[in-house]
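Written below as structure tokens is the structure these notes are about.
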Amino acid sequence: MAYDVARVRGLIPSLGDGWIHLDPQAGMQIPDAVSRTVSTAFRASASSSTGRHVSSRRSAAVLDAARAAVADLVGGDPAGVVLGPDRAVLLAWLAESLSTRLGLGTGLVLSRLDEEANVAPWLRVASRYGAQVRWAEVEIETCELPSWQFQDLITTTTRLVALTAASPIVGSAPDVRVAADRVHEVGGLMVVDAIGAAPYAHVDINELGADVVAVGATSWGGPQVGALVFRDPTLLDRIPAVSLNPYARGVERLEVGGHQFALLAGLTTSIDFLAGLDESASGSRRQKLETSISSLQNYQDSLFDHLMASLKRLPQIMVIGRSPSRVPTLSFTVAGVSADKVASHLADKRIATVSGVHGGSRLLDALGVNDEGGAVTIGLAPYTTRYEIDQLVGELAALG
């Protein structure tokens, strides 16, 4: 069965606002089922999952369901799923916990391809304890992150590698497994930020070789909730806790403060929504996710090829990076026009894009793009259509 984009669009009421939403980096549009679940859960759950009241028991069930859903999304164990307000916050807590592993004589490897959420926390702890930071660099022409460099970057003193599974700015998807295997050879840990990969790819924590995978639900149309998934849940009891509960065990050791149970209910529904993108999907939720995301990939591959071919016909457009291994996200510049002006023009035509990156982008800085007026970033979503791509291209042509 072909991917039914019209059916998917019908499940997302906000798409009736007359806008073309090509800004999934700012958060994908939210399905009606997710909104309804959150609203219902706010009325039925308590602010604690430890009480004896029936609403507290509902909250406990919501928490367990959310851990199980995230585990299915990445192929992990629910016992290793840490939940929190945002994946950037969770990565900061993780860096704080793992900071005792870093000190004089040790090192960590970061990537120019990564967003600041998976860079800034590690830089802070490295600076605090004197650990050496080494950088994996991108190829300027393609924005690929060559895997051969990890052989030299990762040494016997390397304690950690933090790497993106896919860039939400230029779409490049590096070979994470090469870096993971290398750092494991020297006894280090691999932390993978999958914010740019889900829902474009079928994320598998074991195939990635990651010790920890970070995800954020807004990237696939869920509420503002983040998660860290530990491949080995027992690692949580072997690292320092950041919890305010001195008796915390397992995942609770990295969960600071309480949970927003209504949002966690929406998180579960958003993953169920992903699993149901293809109506023919069957089996377990993990199996349905594999089928649905594969179906979505086939649809988006064709759509992205059309986008790239259309942009290639516009001489004033320069697409940044052309990595052969990628997700359907890209950034581009328009000759003689700043990114803000391009985004403003498109917004006037009710086309939503992203101009600049919140908090800055080391990647665009390294490429020199920000010195020339910045870049506009766009991405496909499960609800993007060919008609919307043609509208975008038509407006960009008018700028020339």
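Residue numbering restarts at 1 for every chain of the structure tokens, chains are lettered A, B, ... in their displayed order, and ligands are numbered from 1 as they appear.
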
Inset, instruction - Skip segment 290-296 of chain A itself and residues of its chain fewer than 4 positions away, then list as a VMD selection string all residues within 7 Å of it, counting only C-alpha atoms. - result: chain A and resid 3 199 to 202 274 to 278 281 286 300 382

Next, dump the selected residues to file, keeping only C-alpha atoms, as a compact mmCIF listing (two decimals), in the first residue's frame.
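Printed below is part-v2.txt as written:
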```txt
# COMPACT_ATOMS: atom_id res chain seq x y z
CA TYR A 3 1.82 5.98 1.83
CA PRO A 199 10.93 9.93 12.73
CA TYR A 200 12.94 9.90 9.50
CA ALA A 201 14.82 6.72 10.36
CA HIS A 202 14.16 3.53 12.25
CA LEU A 274 4.01 7.16 14.34
CA ALA A 275 3.40 3.42 14.50
CA GLY A 276 0.08 3.90 12.69
CA LEU A 277 1.32 6.07 9.81
CA ASP A 278 0.94 3.04 7.57
CA ALA A 281 1.33 -2.06 9.79
CA ARG A 286 8.04 -1.90 17.52
CA GLN A 300 9.80 11.11 1.54
CA PRO A 382 4.91 13.05 7.49
```

Inset, instruction - Output as number ranges by chain all residues of segment 19-256 of chain A that backbone DSSP marks as strand (DSSP E or B). - result: A: 20-21, 81-84, 107-111, 132-136, 158-164, 172, 189-193, 212-216, 226-230

Inset, instruction - Find the spatial neighbours of segment 139-144 of chain A, counting only C-alpha atoms, within a cut-off of 7 Å - ignore same-chain residues fewer than 5 positions away - and output them as an MDAnalysis selection string. - result: chainID A and resid 172 174 321:323 367

Output the selection as a PDB file, in the first residue's frame - C-alpha atoms for each residue.
```
ATOM      1  CA  SER A 172      23.818  14.516   7.076  1.00  0.00           C
ATOM      2  CA  PRO A 174      27.124  10.024   9.954  1.00  0.00           C
ATOM      3  CA  GLY A 321      25.881  19.951   1.850  1.00  0.00           C
ATOM      4  CA  ARG A 322      25.014  16.945  -0.278  1.00  0.00           C
ATOM      5  CA  SER A 323      25.787  13.969   1.900  1.00  0.00           C
ATOM      6  CA  LEU A 367      31.192  26.676   6.979  1.00  0.00           C
TER       7      LEU A 367
END
```

Inset, instruction - Record the distance separating atom CA of Val183 of chain A and atom CA of Arg253 of chain A, expressed in Å with one decimal. - result: 24.7 Å

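Atom CA of Arg7 of chain A is found 18.8 Å from atom CA of Asp301 of chain A.
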
Inset, instruction - For each of A:Leu235, A:Leu264, A:Leu102, A:Ala33, take the minimum atom-to-atom distance to Arg128 of chain A, counting only C-alpha atoms, then give the residue where this is smallest. - result: A:Leu102

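Here the question is which of A:Ala397, A:Val125, A:Val203, A:Val119 gets nearest to Leu163 of chain A using only C-alpha atoms, and that residue is A:Val119.
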
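One finds atom CA of Arg362 of chain A at 25.3 Å from atom CA of Thr157 of chain A.
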